Amino acid sequence: MVAVFGRSSGFDYMRLVLATAVVALHSVIICYGQAVDIAFWTSEARPLFRLVLPMFFALSGFLVAGSLVRSRTLGMFLGLRAIRIFPALSVEVLLSALVLGALVTTLPSGLYFTHPEFLSYFWNLVGHVHFRLPGVFEENPHPLVVNGQLWTVPYELYCYIALALFVLIGAQKHRIILPIGSVAVLAAYALFKFARDGGLPAETTGPVPGALLVVAFLAGVSIHAYRAELAFSTPIAFASAVLAVCLLWFVPYGEYVAMWPVTYMTVYLGLLDPPRLWFVRDSDYSYGLFLYSYPIQQTIASAGPVFQDWQTNFLLSMVLGLMFAALSWHVVEKPALGLKRPMRSLEDRWLARQLRSGSVSLAE
């Protein structure tokens, strides 16, 4: 096992594998529609399907916690999150609305560009999710949804907001706040469900609810905070995997406590350090694949029944998705990350000014 204080290649491989799994999962609803998708999520294999997004968020929490440790101010941390998320998201939203939608809509151009659904689609730029563009994918097996994957974006933003709040109340000095915070989020969600629905329904179908993804993220942050004291071993990781599958499979309300074993298993796999192959050496195509695959899959499915077979759709979408992901990384994401240097320069000036005035506020 690689030392947990370094950055191992396992995380890079896992991000790409999980993004690929998301594409495969989406191919079912995109090719066959909602009825088949429900049957898919209620099949005996559902715990394996439901692991994917919690693992994604747990992995993100562990890695983002490292970014927080390296940031001297909370503002710098949030700025780094912004330049990682919003540039690629903005380009994808603009391309979907201005190019893809304009090409495939059944409406005349004049009606398309003035339609309320077209205008409201741009709320996606700030994480307020809208799935529809006027006249787009109306005849698809899963109609009218341009990019269903965007539903996770608000929860990703909630993760950063929650972490920032915990930092403000002293999480970096008192790290016990982090695991307590993750339990508090879980309890708040359970109480909300109980109050709204008159009970606590078991989330037995479909992906894990977004609030539980926030719990998985905070669990990842918590494990990072205690990384020096925790033992990372194959037997514990295997036991965590078995426990997670059982909790997500047939234990009533098991999903409410499954996020912790899922997170341990995820971090263990990420800490493995196989040799880096060329496609993960200096690039991260996972976010681009995550963003672009859904509209690509819908576009392929709109070409007719022959492209509504999940295997055909998945393979073609992976090829095109990786091409768009590579473009996104090299043209948008990597240049945006180049803003780190001027941001750190601004942080240096601000800290120097605060030191002179005796009122430094570091993210410690």
# chains A, B, ... in the order shown; residues from 1 in each chain; ligands from 1

call {"tool": "residues_around", "arguments": {"residues": "Glu138 in chain A", "least_positions_apart": "5", "cutoff": "9 Å", "atoms": "only C-alpha atoms", "output": "mmCIF file with N, CA and C atoms, in the first residue's frame"}}
result
data_model
loop_
_atom_site.group_PDB
_atom_site.id
_atom_site.type_symbol
_atom_site.label_atom_id
_atom_site.label_comp_id
_atom_site.auth_asym_id
_atom_site.auth_seq_id
_atom_site.Cartn_x
_atom_site.Cartn_y
_atom_site.Cartn_z
ATOM 1 N N THR A 105 -33.271 20.180 -32.927
ATOM 2 C CA THR A 105 -34.627 20.565 -32.553
ATOM 3 C C THR A 105 -35.602 20.401 -33.716
ATOM 4 N N THR A 106 -36.837 20.087 -33.374
ATOM 5 C CA THR A 106 -37.892 19.984 -34.392
ATOM 6 C C THR A 106 -38.573 21.324 -34.625
ATOM 7 N N PRO A 143 -37.425 10.580 -23.575
ATOM 8 C CA PRO A 143 -37.623 11.826 -24.316
ATOM 9 C C PRO A 143 -37.322 13.083 -23.501
ATOM 10 N N LEU A 144 -36.906 14.115 -24.226
ATOM 11 C CA LEU A 144 -36.851 15.499 -23.756
ATOM 12 C C LEU A 144 -35.721 15.802 -22.768
ATOM 13 N N VAL A 145 -34.962 14.810 -22.356
ATOM 14 C CA VAL A 145 -33.865 15.043 -21.409
ATOM 15 C C VAL A 145 -32.572 15.207 -22.198
ATOM 16 N N SER A 302 -31.066 9.093 -30.971
ATOM 17 C CA SER A 302 -32.028 9.774 -31.838
ATOM 18 C C SER A 302 -31.852 9.397 -33.303
#

call {"tool": "residues_around", "arguments": {"residues": "Pro134 in chain A", "least_positions_apart": "5", "cutoff": "7 Å", "atoms": "only C-alpha atoms", "output": "PyMOL selection string"}}
result
chain A and resi 105+112+115+117-118

call {"tool": "residues_around", "arguments": {"residues": "Leu320 in chain A", "least_positions_apart": "2", "cutoff": "12 Å", "atoms": "only C-alpha atoms", "output": "ChimeraX atom specification"}}
result
/A:23,288-289,292-297,299-300,313-318,322-327

call {"tool": "atom_distance", "arguments": {"atom1": "CA of Ser9 in chain A", "atom2": "CA of Leu59 in chain A"}}
result
12.6 Å

call {"tool": "select_by_dssp", "arguments": {"residues": "range 19-145 of chain A", "states": "alpha helix (DSSP H)", "output": "ChimeraX atom specification"}}
result
/A:19-32,34-41,46-50,52-70,74-95,101-104,109-114,116-120

call {"tool": "atom_distance", "arguments": {"atom1": "CA of Gln308 in chain A", "atom2": "CA of Pro141 in chain A"}}
result
8.2 Å

call {"tool": "residues_around", "arguments": {"residues": "Tyr256 in chain A", "least_positions_apart": "6", "cutoff": "10 Å", "atoms": "only C-alpha atoms", "output": "list of chain:residue names"}}
result
A:Val183, A:Leu186, A:Ala187, A:Tyr189, A:Ala190, A:Ala202, A:Glu203, A:Val208, A:Pro209, A:Ala211, A:Leu212, A:Val215, A:Leu247, A:Leu248

call {"tool": "write_last_selection", "arguments": {"atoms": "N, CA, C and O atoms", "output": "short mmCIF file (atom, residue, chain, number, x, y, z; two decimals), in the first residue's frame"}}
result
data_model
loop_
_atom_site.label_atom_id
_atom_site.label_comp_id
_atom_site.auth_asym_id
_atom_site.auth_seq_id
_atom_site.Cartn_x
_atom_site.Cartn_y
_atom_site.Cartn_z
N VAL A 183 -22.55 12.72 9.85
CA VAL A 183 -23.69 12.09 10.53
C VAL A 183 -24.84 13.08 10.67
O VAL A 183 -26.01 12.72 10.53
N LEU A 186 -26.70 13.29 7.44
CA LEU A 186 -27.52 12.08 7.30
C LEU A 186 -28.77 12.18 8.16
O LEU A 186 -29.89 11.89 7.70
N ALA A 187 -28.60 12.62 9.40
CA ALA A 187 -29.75 12.74 10.30
C ALA A 187 -30.74 13.79 9.81
O ALA A 187 -31.96 13.59 9.87
N TYR A 189 -31.26 14.73 6.74
CA TYR A 189 -31.98 14.18 5.58
C TYR A 189 -33.06 13.20 6.02
O TYR A 189 -34.19 13.24 5.53
N ALA A 190 -32.73 12.32 6.98
CA ALA A 190 -33.71 11.34 7.46
C ALA A 190 -34.89 12.04 8.12
O ALA A 190 -36.05 11.67 7.90
N ALA A 202 -37.53 3.41 2.63
CA ALA A 202 -36.26 2.83 2.19
C ALA A 202 -36.04 3.19 0.73
O ALA A 202 -36.93 3.04 -0.10
N GLU A 203 -34.85 3.69 0.42
CA GLU A 203 -34.53 4.11 -0.94
C GLU A 203 -34.07 2.88 -1.72
O GLU A 203 -32.88 2.67 -1.95
N VAL A 208 -28.61 6.20 -5.55
CA VAL A 208 -28.63 6.70 -4.17
C VAL A 208 -29.04 8.17 -4.19
O VAL A 208 -28.57 8.94 -5.03
N PRO A 209 -29.93 8.60 -3.29
CA PRO A 209 -30.36 10.00 -3.26
C PRO A 209 -29.20 10.96 -3.10
O PRO A 209 -28.17 10.64 -2.49
N ALA A 211 -28.67 13.57 -1.26
CA ALA A 211 -28.22 13.91 0.09
C ALA A 211 -27.23 12.88 0.62
O ALA A 211 -26.29 13.21 1.35
N LEU A 212 -27.44 11.61 0.26
CA LEU A 212 -26.51 10.58 0.71
C LEU A 212 -25.18 10.67 -0.02
O LEU A 212 -24.14 10.23 0.50
N VAL A 215 -23.20 12.89 2.04
CA VAL A 215 -22.67 12.13 3.18
C VAL A 215 -21.41 11.36 2.77
O VAL A 215 -20.41 11.34 3.50
N LEU A 247 -25.86 -3.90 2.60
CA LEU A 247 -26.68 -2.77 3.04
C LEU A 247 -27.51 -2.19 1.90
O LEU A 247 -28.65 -1.79 2.08
N LEU A 248 -26.92 -2.16 0.71
CA LEU A 248 -27.63 -1.61 -0.45
C LEU A 248 -28.56 -2.63 -1.10
O LEU A 248 -29.37 -2.26 -1.95
#

call {"tool": "closest_residue", "arguments": {"among": "A:Gly206, A:Arg276, A:Ala162, A:Pro54", "to": "Val257 in chain A", "atoms": "only C-alpha atoms"}}
result
A:Pro54

call {"tool": "residues_around", "arguments": {"residues": "range 147-160 of chain A", "least_positions_apart": "3", "cutoff": "7 Å", "atoms": "only C-alpha atoms", "output": "PyMOL selection string"}}
result
chain A and resi 127-129+131+163-164+210+214+217+294-295

call {"tool": "residues_around", "arguments": {"residues": "Ala244 in chain A", "least_positions_apart": "5", "cutoff": "9 Å", "atoms": "only C-alpha atoms", "output": "PyMOL selection string"}}
result
chain A and resi 47+51+239+249+254-255+257-262+265

call {"tool": "write_last_selection", "arguments": {"atoms": "all heavy atoms", "output": "CSV table (one decimal), in the first residue's frame"}}
result
chain,number,residue,atom,x,y,z
A,47,PRO,N,-27.3,-3.4,-6.1
A,47,PRO,CA,-26.3,-2.8,-5.2
A,47,PRO,C,-25.1,-2.5,-5.9
A,47,PRO,O,-24.4,-1.5,-5.5
A,47,PRO,CB,-26.1,-3.9,-4.1
A,47,PRO,CG,-26.6,-5.2,-4.8
A,47,PRO,CD,-27.7,-4.8,-5.6
A,51,LEU,N,-23.5,1.5,-6.2
A,51,LEU,CA,-22.2,1.9,-5.7
A,51,LEU,C,-21.5,3.0,-6.4
A,51,LEU,O,-20.7,3.7,-5.9
A,51,LEU,CB,-21.3,0.7,-5.7
A,51,LEU,CG,-21.5,-0.4,-4.6
A,51,LEU,CD1,-20.7,-1.6,-4.9
A,51,LEU,CD2,-21.2,0.1,-3.2
A,239,ALA,N,-14.1,-6.6,3.5
A,239,ALA,CA,-15.3,-6.6,4.4
A,239,ALA,C,-16.2,-5.4,4.2
A,239,ALA,O,-17.4,-5.5,4.3
A,239,ALA,CB,-14.8,-6.6,5.9
A,249,TRP,N,-28.5,-3.9,-0.7
A,249,TRP,CA,-29.2,-4.9,-1.4
A,249,TRP,C,-30.5,-5.3,-0.7
A,249,TRP,O,-31.6,-5.0,-1.1
A,249,TRP,CB,-28.3,-6.2,-1.5
A,249,TRP,CG,-28.9,-7.3,-2.4
A,249,TRP,CD1,-30.1,-7.3,-3.0
A,249,TRP,CD2,-28.2,-8.4,-2.8
A,249,TRP,NE1,-30.2,-8.4,-3.8
A,249,TRP,CE2,-29.0,-9.2,-3.7
A,249,TRP,CE3,-26.9,-9.0,-2.5
A,249,TRP,CZ2,-28.7,-10.4,-4.2
A,249,TRP,CZ3,-26.6,-10.2,-3.1
A,249,TRP,CH2,-27.5,-10.9,-3.9
A,254,GLY,N,-30.7,0.3,4.7
A,254,GLY,CA,-29.3,0.1,4.7
A,254,GLY,C,-28.5,1.2,4.0
A,254,GLY,O,-27.4,1.5,4.3
A,255,GLU,N,-29.1,1.9,3.0
A,255,GLU,CA,-28.4,2.9,2.2
A,255,GLU,C,-28.1,4.1,3.1
A,255,GLU,O,-27.2,4.9,2.9
A,255,GLU,CB,-29.2,3.4,1.0
A,255,GLU,CG,-30.6,4.0,1.4
A,255,GLU,CD,-31.7,3.0,1.7
A,255,GLU,OE1,-31.4,1.8,1.4
A,255,GLU,OE2,-32.7,3.3,2.1
A,257,VAL,N,-26.7,4.0,6.0
A,257,VAL,CA,-25.4,3.8,6.7
A,257,VAL,C,-24.4,3.2,5.8
A,257,VAL,O,-23.2,3.0,6.2
A,257,VAL,CB,-25.6,2.9,8.0
A,257,VAL,CG1,-26.5,3.6,9.0
A,257,VAL,CG2,-26.3,1.6,7.6
A,258,ALA,N,-24.7,3.0,4.5
A,258,ALA,CA,-23.8,2.3,3.6
A,258,ALA,C,-22.7,3.2,3.2
A,258,ALA,O,-21.6,2.7,2.7
A,258,ALA,CB,-24.5,1.7,2.4
A,259,MET,N,-22.8,4.5,3.3
A,259,MET,CA,-21.9,5.4,2.7
A,259,MET,C,-20.5,5.3,3.4
A,259,MET,O,-19.5,5.5,2.7
A,259,MET,CB,-22.4,6.9,2.8
A,259,MET,CG,-23.7,7.2,2.1
A,259,MET,SD,-23.6,6.8,0.3
A,259,MET,CE,-24.4,5.2,0.3
A,260,TRP,N,-20.4,4.9,4.6
A,260,TRP,CA,-19.1,4.8,5.3
A,260,TRP,C,-18.3,3.6,4.8
A,260,TRP,O,-17.2,3.7,4.4
A,260,TRP,CB,-19.3,4.8,6.8
A,260,TRP,CG,-19.5,6.2,7.3
A,260,TRP,CD1,-20.6,6.8,7.5
A,260,TRP,CD2,-18.4,7.1,7.7
A,260,TRP,NE1,-20.4,8.1,8.0
A,260,TRP,CE2,-19.1,8.3,8.1
A,260,TRP,CE3,-17.0,7.0,7.6
A,260,TRP,CZ2,-18.3,9.4,8.5
A,260,TRP,CZ3,-16.3,8.1,8.0
A,260,TRP,CH2,-17.0,9.3,8.4
A,261,PRO,N,-18.9,2.4,4.7
A,261,PRO,CA,-18.1,1.3,4.2
A,261,PRO,C,-17.8,1.5,2.7
A,261,PRO,O,-16.7,1.1,2.2
A,261,PRO,CB,-19.0,0.0,4.4
A,261,PRO,CG,-20.3,0.6,4.7
A,261,PRO,CD,-20.1,1.9,5.4
A,262,VAL,N,-18.7,2.1,1.9
A,262,VAL,CA,-18.4,2.5,0.5
A,262,VAL,C,-17.2,3.4,0.5
A,262,VAL,O,-16.3,3.2,-0.4
A,262,VAL,CB,-19.7,3.1,-0.1
A,262,VAL,CG1,-19.3,3.8,-1.5
A,262,VAL,CG2,-20.8,2.2,-0.3
A,265,MET,N,-13.9,1.5,1.3
A,265,MET,CA,-13.5,0.7,0.1
A,265,MET,C,-12.9,1.5,-1.0
A,265,MET,O,-11.9,1.2,-1.7
A,265,MET,CB,-14.7,-0.1,-0.4
A,265,MET,CG,-14.5,-0.9,-1.7
A,265,MET,SD,-16.1,-1.5,-2.3
A,265,MET,CE,-16.9,0.0,-2.7

call {"tool": "residues_around", "arguments": {"residues": "Ser222 in chain A", "least_positions_apart": "5", "cutoff": "8 Å", "atoms": "only C-alpha atoms", "output": "PyMOL selection string"}}
result
chain A and resi 62+175+178-179

call {"tool": "write_last_selection", "arguments": {"atoms": "N, CA, C and O atoms", "output": "CSV table (one decimal), in the first residue's frame"}}
result
chain,number,residue,atom,x,y,z
A,62,PHE,N,-12.2,12.7,-0.6
A,62,PHE,CA,-10.9,12.5,-0.2
A,62,PHE,C,-9.9,13.4,-0.9
A,62,PHE,O,-9.0,14.0,-0.2
A,175,ARG,N,-10.8,18.2,14.0
A,175,ARG,CA,-11.3,17.4,12.9
A,175,ARG,C,-12.4,16.5,13.2
A,175,ARG,O,-13.1,16.0,12.3
A,178,LEU,N,-15.8,16.9,11.3
A,178,LEU,CA,-16.0,16.3,10.0
A,178,LEU,C,-16.9,15.1,10.0
A,178,LEU,O,-17.9,15.0,9.4
A,179,PRO,N,-16.5,14.0,10.8
A,179,PRO,CA,-17.4,12.9,10.9
A,179,PRO,C,-18.7,13.2,11.5
A,179,PRO,O,-19.7,12.6,11.1

call {"tool": "closest_residue", "arguments": {"among": "A:Val126, A:Leu48, A:Leu107, A:Ala19", "to": "Ser90 in chain A", "atoms": "only C-alpha atoms"}}
result
A:Val126

call {"tool": "closest_residue", "arguments": {"among": "A:Phe232, A:Phe137, A:Phe192, A:Phe86", "to": "Val332 in chain A", "atoms": "only C-alpha atoms"}}
result
A:Phe86
